[in-house]
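The structure appears right after this line, and notes come after that.
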Amino acid sequence: KYCPAAVAVQPMVDAFGNDQSFEEVEVTVTVPERQYRKKTSLQEGARSMLGILMPVSGCPVLAPLRTMVRFHLPFATSQETLFRSTGCYLLAQYFRNLSRRSPDWQLEKLTQMYDEIHEVNVYFSKRIHSIIQQDAAANSLVILDVFAQSIPFSISSALIDIQNLFKKLIEK
């Protein structure tokens, strides 16, 4: 009856729908293991919240990101997001292989998954823009989508940049 992601995000849109993206805020994220704190723009803080709310909402397209929520990294850079998303995906492929299911070591389905996530984000952003007065909530989704879009494009080139970090593990 309702879009699960829209229901999950509605309180955030209500809270920040009248605020400007670049309003400076201090954001504190507390998890059982640690606390993150950053003085940043409202859109970056909201982006971090969307990165949790949307995957756990029950949306079937965003559901594959749910595993990453357990290891969420607030205020992540695009390189950190690439590392976490490919790492989670490759670990899932390892578990697929253990259960005698065909793994996707070439990351082809990861690219497809992020293309589908991008499509959801585009339409979701349009919905948010239609109901808000300012841009904080919508811009945070746009930035989250930029991260999602960068994954398919980054898989080959950016992973090569990260490859040097694994030099010692590769040599073993």
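In the structure tokens, chains take the letters A, B, ... in the order shown, each chain's residues start at 1, and ligands count up from 1 in the order shown.
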Practice item. Using backbone DSSP assignments, extract all strand (DSSP E or B) residues from stretch 33-145 of chain A; output them as an NGL selection string. Key: :A and (34-41)
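The environment of A:Val29 within 9 Å, counting only C-alpha atoms and disregarding residues fewer than 5 places along the same chain, consists of Arg34, Gln35, Tyr36, Arg37, Lys38 and Pro74 of chain A.
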Practice item. Write out as a VMD selection string which residues come within 8 Å of A:His72 when counting only C-alpha atoms, dropping same-chain ones fewer than 4 positions away. Key: chain A and resid 51 to 52 68
Practice item. Give the alpha helix (DSSP H) residues of stretch 77-123 of chain A, as DSSP finds them on the backbone, and put them as a PyMOL selection string. Key: chain A and resi 78-98+108-123
Point to revise | Test item: residues at most 10 Å from stretch 156-161 of chain A, only C-alpha atoms, excluding those fewer than 6 positions along its chain, as an MDAnalysis selection string | key: chainID A and resid 78:79 82:83 86 106:107 150
Using C-alpha atoms, can you export the residues from the last selection as an mmCIF file, in the first residue's frame?
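again.cif was written with the following content:
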```cif
data_model
loop_
_atom_site.group_PDB
_atom_site.id
_atom_site.type_symbol
_atom_site.label_atom_id
_atom_site.label_comp_id
_atom_site.auth_asym_id
_atom_site.auth_seq_id
_atom_site.Cartn_x
_atom_site.Cartn_y
_atom_site.Cartn_z
ATOM 1 C CA SER A 78 33.125 7.540 -1.653
ATOM 2 C CA GLN A 79 36.289 5.405 -1.344
ATOM 3 C CA LEU A 82 33.298 1.515 -2.320
ATOM 4 C CA PHE A 83 35.466 -0.529 0.053
ATOM 5 C CA THR A 86 32.529 -4.399 -2.514
ATOM 6 C CA GLN A 106 33.523 -10.522 -11.331
ATOM 7 C CA LEU A 107 31.078 -8.228 -9.458
ATOM 8 C CA SER A 150 29.874 5.797 -8.273
#
```
Review point. Just how far from atom CA of A:Val9 is atom CA of A:Glu33, in Å to one decimal?
Key: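 For atom CA of A:Glu33 relative to atom CA of A:Val9, the distance reads 25.0 Å.
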Review point. Which residues, written as JSON, numbers by chain, have at least one atom at most 12 Å from A:Ser85, with only C-alpha atoms counted and residues fewer than 3 positions away on the same chain left out?
Key: {"A": [64, 65, 66, 67, 68, 69, 71, 72, 73, 76, 78, 79, 80, 81, 82, 88, 89, 90, 91, 92, 107, 110, 111, 113, 114, 147, 148, 150, 151, 152, 154, 155, 159]}
With C-alpha atoms retained, export the selected residues as a PDB file, in the first residue's frame.
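Final file, selection-v2.pdb:
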```pdb
ATOM      1  CA  PRO A  64      20.810  -5.990  -0.287  1.00  0.00           C
ATOM      2  CA  LEU A  65      22.349  -2.966   1.473  1.00  0.00           C
ATOM      3  CA  ARG A  66      20.901  -4.056   4.810  1.00  0.00           C
ATOM      4  CA  THR A  67      24.029  -6.047   5.706  1.00  0.00           C
ATOM      5  CA  MET A  68      26.082  -2.866   5.433  1.00  0.00           C
ATOM      6  CA  VAL A  69      23.890  -1.143   8.030  1.00  0.00           C
ATOM      7  CA  PHE A  71      28.798  -1.881   9.834  1.00  0.00           C
ATOM      8  CA  HIS A  72      27.549   1.585   8.877  1.00  0.00           C
ATOM      9  CA  LEU A  73      30.221   4.245   8.695  1.00  0.00           C
ATOM     10  CA  ALA A  76      31.875   7.883   4.797  1.00  0.00           C
ATOM     11  CA  SER A  78      33.125   7.540  -1.653  1.00  0.00           C
ATOM     12  CA  GLN A  79      36.289   5.405  -1.344  1.00  0.00           C
ATOM     13  CA  GLU A  80      35.181   4.070   2.057  1.00  0.00           C
ATOM     14  CA  THR A  81      31.738   3.324   0.630  1.00  0.00           C
ATOM     15  CA  LEU A  82      33.298   1.515  -2.320  1.00  0.00           C
ATOM     16  CA  CYS A  88      30.333  -6.971   1.807  1.00  0.00           C
ATOM     17  CA  TYR A  89      29.440  -8.185  -1.659  1.00  0.00           C
ATOM     18  CA  LEU A  90      32.567 -10.321  -1.984  1.00  0.00           C
ATOM     19  CA  LEU A  91      31.984 -11.792   1.465  1.00  0.00           C
ATOM     20  CA  ALA A  92      28.458 -12.696   0.371  1.00  0.00           C
ATOM     21  CA  LEU A 107      31.078  -8.228  -9.458  1.00  0.00           C
ATOM     22  CA  LEU A 110      26.912  -5.768  -7.877  1.00  0.00           C
ATOM     23  CA  THR A 111      26.894  -3.308 -10.775  1.00  0.00           C
ATOM     24  CA  MET A 113      22.266  -3.999  -8.044  1.00  0.00           C
ATOM     25  CA  TYR A 114      23.567  -0.435  -7.837  1.00  0.00           C
ATOM     26  CA  PHE A 147      27.734   7.409  -3.911  1.00  0.00           C
ATOM     27  CA  ALA A 148      25.482   4.633  -5.241  1.00  0.00           C
ATOM     28  CA  SER A 150      29.874   5.797  -8.273  1.00  0.00           C
ATOM     29  CA  ILE A 151      30.023   2.102  -7.319  1.00  0.00           C
ATOM     30  CA  PRO A 152      29.412   0.657 -10.803  1.00  0.00           C
ATOM     31  CA  SER A 154      34.384   2.760  -9.721  1.00  0.00           C
ATOM     32  CA  ILE A 155      34.535  -1.001  -9.561  1.00  0.00           C
ATOM     33  CA  LEU A 159      39.494  -0.790  -6.961  1.00  0.00           C
TER      34      LEU A 159
END
```
Practice item. Name the closest residue to A:Trp105 among the candidates A:Asn121, A:Gln20, A:Gln93, A:Thr28; distances are taken between atoms, counting only C-alpha atoms. Key: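 Under the stated criterion, the closest residue is A:Gln93.
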